[in-house]
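Shown here: query_37.txt, compact mmCIF, C-alpha atoms.
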# COMPACT_ATOMS: atom_id res chain seq x y z
CA MET A 1 58.23 78.59 188.56
CA PRO A 2 58.01 75.65 186.14
CA VAL A 3 54.21 75.70 185.78
CA GLU A 4 54.02 79.47 185.20
CA GLU A 5 56.57 79.20 182.36
CA PHE A 6 54.34 76.73 180.53
CA VAL A 7 51.14 78.75 181.07
CA ALA A 8 52.79 82.00 179.99
CA GLY A 9 54.09 80.24 176.87
CA TRP A 10 50.58 79.04 176.04
CA ILE A 11 48.90 82.47 176.37
CA SER A 12 51.65 84.40 174.56
CA GLY A 13 51.75 81.81 171.78
CA ALA A 14 47.99 82.04 171.23
CA LEU A 15 48.18 85.84 170.92
CA GLY A 16 51.01 85.56 168.40
CA LEU A 17 49.18 82.89 166.42
CA VAL A 18 46.01 84.96 165.94
CA LEU A 19 48.09 87.94 164.79
CA GLY A 20 50.24 85.96 162.37
CA HIS A 21 47.95 83.28 160.90
CA PRO A 22 46.81 85.21 157.78
CA PHE A 23 50.46 85.79 156.83
CA ASP A 24 51.19 82.13 157.51
CA THR A 25 48.43 81.05 155.11
CA VAL A 26 49.94 83.17 152.33
CA LYS A 27 53.41 81.78 153.11
CA VAL A 28 52.21 78.16 152.93
CA ARG A 29 50.44 78.76 149.61
CA LEU A 30 53.56 80.35 148.10
CA GLN A 31 55.74 77.46 149.25
CA THR A 32 53.51 74.63 148.05
CA GLN A 33 51.68 76.01 144.99
CA THR A 34 53.02 77.54 141.77
CA THR A 35 49.87 79.41 140.71
CA TYR A 36 50.81 82.68 142.42
CA ARG A 37 53.14 85.37 141.04
CA GLY A 38 54.03 86.75 144.47
CA ILE A 39 52.72 87.85 147.85
CA ILE A 40 50.25 90.47 146.59
CA ASP A 41 48.92 88.20 143.85
CA CYS A 42 48.41 85.42 146.41
CA MET A 43 46.61 87.71 148.85
CA VAL A 44 44.33 89.15 146.15
CA LYS A 45 43.40 85.70 144.81
CA ILE A 46 42.66 84.32 148.28
CA TYR A 47 40.44 87.30 149.07
CA ARG A 48 38.58 87.23 145.72
CA HIS A 49 38.08 83.47 145.64
CA GLU A 50 37.71 82.59 149.32
CA SER A 51 36.82 85.88 151.06
CA LEU A 52 38.54 87.16 154.19
CA LEU A 53 37.90 83.81 155.89
CA GLY A 54 40.34 82.19 153.46
CA PHE A 55 43.24 83.76 155.35
CA PHE A 56 42.16 82.01 158.55
CA LYS A 57 41.84 78.47 157.20
CA GLY A 58 43.32 75.92 159.55
CA MET A 59 43.54 78.30 162.53
CA SER A 60 41.14 76.57 164.94
CA PHE A 61 43.36 73.53 165.41
CA PRO A 62 46.57 75.50 166.13
CA ILE A 63 44.63 77.64 168.64
CA ALA A 64 43.52 74.46 170.41
CA SER A 65 46.99 72.91 170.27
CA ILE A 66 49.05 76.01 171.05
CA ALA A 67 48.54 75.23 174.74
CA VAL A 68 50.78 72.23 174.22
CA VAL A 69 53.16 73.45 171.54
CA ASN A 70 54.18 76.93 172.65
CA SER A 71 54.15 76.04 176.34
CA VAL A 72 56.54 73.18 175.52
CA LEU A 73 58.93 75.58 173.75
CA PHE A 74 59.02 78.25 176.47
CA GLY A 75 58.61 75.88 179.38
CA VAL A 76 61.36 73.49 178.26
CA TYR A 77 63.65 76.39 177.33
CA SER A 78 63.31 78.11 180.69
CA ASN A 79 63.53 74.94 182.74
CA THR A 80 66.54 73.68 180.76
CA LEU A 81 68.27 76.98 181.49
CA LEU A 82 67.33 76.53 185.15
CA LEU A 83 69.06 73.13 185.13
CA LEU A 84 72.13 74.49 183.32
CA THR A 85 72.55 77.72 185.31
CA ALA A 86 70.60 77.22 188.56
CA THR A 87 69.08 80.71 188.13
CA SER A 88 65.37 81.51 187.77
CA HIS A 89 63.89 83.61 184.98
CA GLN A 90 63.92 86.82 187.03
CA GLU A 91 67.46 86.22 188.31
CA ARG A 92 68.83 85.85 184.77
CA TRP A 93 68.73 89.57 184.11
CA ALA A 94 71.18 90.09 186.98
CA GLN A 95 73.21 86.93 186.23
CA PRO A 96 73.07 86.46 182.43
CA PRO A 97 73.59 82.86 181.26
CA SER A 98 76.23 82.12 178.64
CA TYR A 99 75.24 82.09 174.98
CA MET A 100 76.12 78.39 174.83
CA HIS A 101 73.63 77.64 177.60
CA ILE A 102 70.96 79.78 175.87
CA PHE A 103 71.57 78.02 172.54
CA LEU A 104 71.44 74.53 174.07
CA ALA A 105 68.24 75.35 175.99
CA GLY A 106 66.67 76.82 172.83
CA CYS A 107 67.62 73.76 170.77
CA THR A 108 66.16 71.46 173.41
CA GLY A 109 62.89 73.41 173.45
CA GLY A 110 62.78 73.47 169.64
CA PHE A 111 63.38 69.71 169.33
CA LEU A 112 60.62 68.78 171.79
CA GLN A 113 58.27 71.42 170.38
CA ALA A 114 58.67 69.94 166.89
CA TYR A 115 57.71 66.48 168.12
CA CYS A 116 54.51 67.85 169.71
CA LEU A 117 53.81 70.22 166.80
CA ALA A 118 54.13 67.78 163.88
CA PRO A 119 50.52 66.43 163.62
CA PHE A 120 48.93 69.82 164.36
CA ASP A 121 51.14 71.59 161.82
CA LEU A 122 50.38 68.96 159.17
CA ILE A 123 46.63 69.46 159.60
CA LYS A 124 47.05 73.25 159.52
CA VAL A 125 49.02 73.10 156.24
CA ARG A 126 46.53 70.71 154.61
CA LEU A 127 43.61 72.99 155.55
CA GLN A 128 45.46 76.14 154.44
CA ASN A 129 46.06 74.60 151.02
CA GLN A 130 42.36 74.08 150.35
CA THR A 131 41.51 76.74 147.78
CA GLU A 132 37.77 76.14 147.63
CA PRO A 133 35.65 79.29 148.09
CA VAL A 134 33.21 79.66 150.94
CA ALA A 135 30.68 76.82 150.59
CA GLN A 136 27.51 77.68 148.68
CA PRO A 137 24.26 75.67 148.77
CA GLY A 138 24.56 72.75 146.38
CA SER A 139 28.33 73.12 145.86
CA PRO A 140 30.57 70.09 146.55
CA PRO A 141 32.21 70.13 150.00
CA PRO A 142 36.00 70.53 150.31
CA GLN A 143 38.12 67.43 150.80
CA TYR A 144 38.59 68.28 154.48
CA GLN A 145 35.56 69.69 156.30
CA GLY A 146 37.49 70.75 159.41
CA PRO A 147 40.49 69.82 161.54
CA VAL A 148 38.94 66.70 163.09
CA HIS A 149 37.75 65.42 159.70
CA CYS A 150 41.18 66.20 158.26
CA ALA A 151 42.96 64.24 161.03
CA ALA A 152 40.59 61.29 160.64
CA SER A 153 41.00 61.28 156.84
CA ILE A 154 44.80 61.34 157.04
CA PHE A 155 44.79 58.53 159.60
CA ARG A 156 42.40 56.44 157.49
CA GLU A 157 44.16 57.01 154.14
CA GLU A 158 47.82 57.35 155.18
CA GLY A 159 47.97 55.58 158.54
CA TYR A 160 49.41 56.77 161.84
CA ARG A 161 52.72 57.66 160.18
CA GLY A 162 50.82 59.95 157.83
CA LEU A 163 50.07 62.29 160.75
CA PHE A 164 53.83 62.78 161.20
CA ARG A 165 54.59 63.40 157.52
CA GLY A 166 57.26 66.11 157.34
CA ALA A 167 58.20 65.66 161.01
CA TRP A 168 61.91 65.12 160.30
CA ALA A 169 62.07 68.33 158.28
CA LEU A 170 60.20 70.09 161.08
CA MET A 171 62.71 68.87 163.69
CA LEU A 172 65.65 69.86 161.47
CA ARG A 173 64.03 73.28 161.08
CA ASP A 174 63.16 73.97 164.71
CA THR A 175 66.10 72.49 166.64
CA PRO A 176 68.85 74.94 165.60
CA THR A 177 66.58 77.88 164.76
CA MET A 178 65.07 78.00 168.25
CA GLY A 179 68.62 78.26 169.58
CA ILE A 180 69.14 81.25 167.25
CA TYR A 181 65.75 82.63 168.31
CA PHE A 182 66.53 82.78 172.02
CA ILE A 183 70.16 83.88 171.57
CA THR A 184 68.98 86.86 169.49
CA TYR A 185 66.29 87.78 172.01
CA GLU A 186 68.42 87.43 175.14
CA GLY A 187 71.42 89.09 173.48
CA LEU A 188 69.50 92.19 172.37
CA CYS A 189 67.74 92.49 175.73
CA HIS A 190 71.03 92.41 177.63
CA GLN A 191 72.68 94.76 175.13
CA TYR A 192 70.09 97.51 175.63
CA THR A 193 69.16 97.02 179.31
CA PRO A 194 71.09 98.62 182.19
CA GLU A 195 72.86 96.02 184.31
CA GLY A 196 70.67 94.41 186.96
CA GLN A 197 67.39 95.81 185.58
CA ASN A 198 64.53 94.17 183.72
CA PRO A 199 64.29 95.09 180.02
CA SER A 200 61.76 97.79 179.12
CA SER A 201 58.66 97.03 177.08
CA ALA A 202 60.21 98.71 174.04
CA THR A 203 63.35 96.59 174.37
CA VAL A 204 61.32 93.39 174.68
CA LEU A 205 59.24 94.30 171.62
CA VAL A 206 62.27 95.10 169.45
CA ALA A 207 64.32 92.13 170.69
CA GLY A 208 61.39 89.75 170.23
CA GLY A 209 60.71 91.09 166.74
CA PHE A 210 64.31 90.73 165.58
CA ALA A 211 64.55 87.29 167.20
CA GLY A 212 61.57 86.25 165.09
CA ILE A 213 63.15 87.59 161.89
CA ALA A 214 66.54 85.96 162.59
CA SER A 215 65.00 82.56 163.30
CA TRP A 216 62.68 82.62 160.29
CA VAL A 217 65.39 83.65 157.85
CA ALA A 218 67.38 80.66 159.08
CA ALA A 219 64.32 78.39 159.08
CA THR A 220 62.81 79.21 155.68
CA PRO A 221 64.77 76.68 153.52
CA LEU A 222 63.68 73.75 155.69
CA ASP A 223 60.25 75.32 156.15
CA VAL A 224 59.75 75.03 152.37
CA ILE A 225 60.79 71.37 152.44
CA LYS A 226 58.63 70.71 155.51
CA SER A 227 55.52 72.15 153.82
CA ARG A 228 56.13 70.15 150.63
CA MET A 229 56.66 66.94 152.57
CA GLN A 230 53.39 67.57 154.43
CA MET A 231 51.45 67.98 151.17
CA ASP A 232 53.15 64.90 149.69
CA GLY A 233 50.86 61.90 149.85
CA LEU A 234 47.68 63.96 149.47
CA ARG A 235 47.15 62.40 146.04
CA ARG A 236 50.30 60.39 145.36
CA ARG A 237 53.77 60.09 146.86
CA VAL A 238 56.31 62.27 145.08
CA TYR A 239 59.25 62.42 147.51
CA GLN A 240 61.15 59.53 149.08
CA GLY A 241 62.36 61.63 152.00
CA VAL A 242 63.73 65.02 153.08
CA LEU A 243 66.89 64.80 150.94
CA ASP A 244 64.96 63.67 147.86
CA CYS A 245 62.52 66.56 148.34
CA MET A 246 65.42 69.03 148.52
CA VAL A 247 67.16 67.63 145.41
CA SER A 248 63.92 67.42 143.39
CA SER A 249 62.88 70.96 144.35
CA VAL A 250 66.26 72.44 143.37
CA ARG A 251 66.36 70.45 140.13
CA GLN A 252 62.93 71.71 139.08
CA GLU A 253 62.94 75.27 140.44
CA GLY A 254 66.55 76.25 141.23
CA LEU A 255 68.15 77.29 144.52
CA GLY A 256 65.68 80.16 144.88
CA VAL A 257 63.05 77.61 145.92
CA PHE A 258 64.61 77.50 149.40
CA PHE A 259 63.73 81.15 149.96
CA ARG A 260 60.09 81.03 148.94
CA GLY A 261 58.08 82.86 151.55
CA VAL A 262 61.14 84.42 153.26
CA THR A 263 59.80 87.96 152.73
CA ILE A 264 56.39 87.30 154.23
CA ASN A 265 57.96 85.10 156.93
CA SER A 266 60.12 88.05 157.99
CA ALA A 267 57.26 90.56 157.77
CA ARG A 268 55.06 88.30 159.89
CA ALA A 269 57.84 87.39 162.34
CA PHE A 270 58.46 90.87 163.74
CA PRO A 271 54.97 91.75 165.09
CA VAL A 272 54.10 88.16 166.03
CA ASN A 273 57.21 87.53 168.10
CA ALA A 274 57.27 91.05 169.55
CA VAL A 275 53.76 90.44 170.95
CA THR A 276 54.65 86.88 172.01
CA PHE A 277 57.68 87.91 174.07
CA LEU A 278 56.04 91.02 175.55
CA SER A 279 53.03 89.05 176.79
CA TYR A 280 55.31 86.24 178.03
CA GLU A 281 57.52 88.62 180.05
CA TYR A 282 54.57 90.52 181.49
CA LEU A 283 52.76 87.37 182.55
CA LEU A 284 55.86 86.07 184.37
CA ARG A 285 56.40 89.44 186.09
CA TRP A 286 52.74 89.56 187.10
CA TRP A 287 52.91 86.06 188.57
CA GLY A 288 56.35 86.68 190.06
Target encoding structure tokens, full file:
Amino acid sequence: MPVEEFVAGWISGALGLVLGHPFDTVKVRLQTQTTYRGIIDCMVKIYRHESLLGFFKGMSFPIASIAVVNSVLFGVYSNTLLLLTATSHQERWAQPPSYMHIFLAGCTGGFLQAYCLAPFDLIKVRLQNQTEPVAQPGSPPPQYQGPVHCAASIFREEGYRGLFRGAWALMLRDTPTMGIYFITYEGLCHQYTPEGQNPSSATVLVAGGFAGIASWVAATPLDVIKSRMQMDGLRRRVYQGVLDCMVSSVRQEGLGVFFRGVTINSARAFPVNAVTFLSYEYLLRWWG
């Protein structure tokens, strides 16, 4: 069912995105700006200065692009497993694939997802970092007036390569962590599901939630670097590449810089990925 895998990935990803975007905005601000003392301080300042809408900056473009991005991840993962094991999604509960096959399929999905995600994620991060309050009559407009204007501005000012700023860090983040993501999910589902049966809704929710936490804990160091690389070039170039960004960040802020946003990443990851996997599994069962 190759087509169904992609469609289920799109719908489940969109549900997870809407649920998690406010947390993602706070995470991006903490990783790229030094004006906040912590999660609560960041949330309070966003709400006071930008209203509730400030938490949803940059969401329209990911919603539009999630059809491509999340369907690539789940579709490539499932179809790579099909190639490696010759078993369909439903048959895998009776004939579990090896963890090596799961990891390789997850890494493949993560690598290709990152390539598709890079421009959309860049635009999302640029929009999320705009701290202007809700526009008032007579007030100057923000630098980017929406996702299309943002994309056009980046292309005009930074060229085609500017749309892929931070892409290497994104690929380094997503390739191994998506392997961890699917291993954690599949492993927990098989651990707590009677042999030959489909996992229960509760099992899928818990396994999906912990898969999200495990992958984001592993991803956060490169997520910080990715976000900083994406903001680099907005006014002037600061970093010469991924390694230079890592060295400069540690030199200025210490090793703790790699774990900025890990708490809110983990808090966001559980409900978002629990909902993502539950909707994904139910859609495939419904179509199956």
Practice item. Quick one: everything within 12 Å of Tyr115 in chain A, counting all atoms listed in the file, minus sequence neighbours fewer than 5 positions away in the same chain. Send it as a count of residues only. Key: 24
Practice item. Pick out the residues sitting within 10 Å of Leu15 in chain A, and hand them over as a ChimeraX atom specification; count only C-alpha atoms, and ignore anything fewer than 5 positions along from it in its own chain. Key: /A:10,20,63,66,272-273,275-276,279
Review point. By how many Å are CA of Leu81 in chain A and CA of Tyr99 in chain A apart?
Key: 10.8 Å
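CA of Arg126 in chain A is found 16.9 Å from CA of Cys42 in chain A.
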Point to revise | Nearest candidate to Ala214 in chain A (options A:Glu281, A:Val262, A:Arg237, A:His149; using all atoms listed in the file) | key: A:Val262
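Of the listed residues A:Gly162, A:Leu52, A:Met178, A:Leu17, the one whose atoms come nearest to Asp232 in chain A is A:Gly162, with distances taken using only C-alpha atoms.
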Point to revise | Polymer residues at most 12 Å from range 34-37 of chain A, only C-alpha atoms, same-chain spacing of 3 or more positions, as a ChimeraX atom specification | key: /A:26-31,40-46,129,131,228,252-253,257,260-261
For range 17-114 of chain A against range 188-201 of chain A, with a cut-off of 10 Å and counting only C-alpha atoms, what is the closest atom pair and its distance in Å to one decimal for every residue that makes the cut, ordered by chain and number, as a Markdown table?
| residue | atom | partner | partner_atom | distance |
| --- | --- | --- | --- | --- |
| A:Gln90 | CA | A:Asn198 | CA | 8.1 |
| A:Glu91 | CA | A:Gly196 | CA | 8.9 |
| A:Arg92 | CA | A:Gly196 | CA | 9.0 |
| A:Trp93 | CA | A:Gly196 | CA | 5.9 |
| A:Ala94 | CA | A:Gly196 | CA | 4.4 |
| A:Gln95 | CA | A:Gly196 | CA | 7.9 |
| A:Pro96 | CA | A:His190 | CA | 7.9 |
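In terms of minimum interatomic distance to Ile39 in chain A, A:Thr25 ranks closest within A:Thr203, A:Thr87, A:Thr25, A:Gln113, counting all atoms listed in the file.
Across A:Thr184, A:Ser227, A:Ser78, A:Ser98, the tightest approach to Gly208 in chain A is made by A:Thr184 when counting all atoms listed in the file.
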Review point. Any idea what's packed within 10 Å of Thr177 in chain A, counting all atoms listed in the file, ignoring anything in its chain fewer than 2 positions away? Could you give it as an MDAnalysis selection string?
Key: chainID A and resid 103 106:107 110:111 171:175 179:183 211:212 214:220
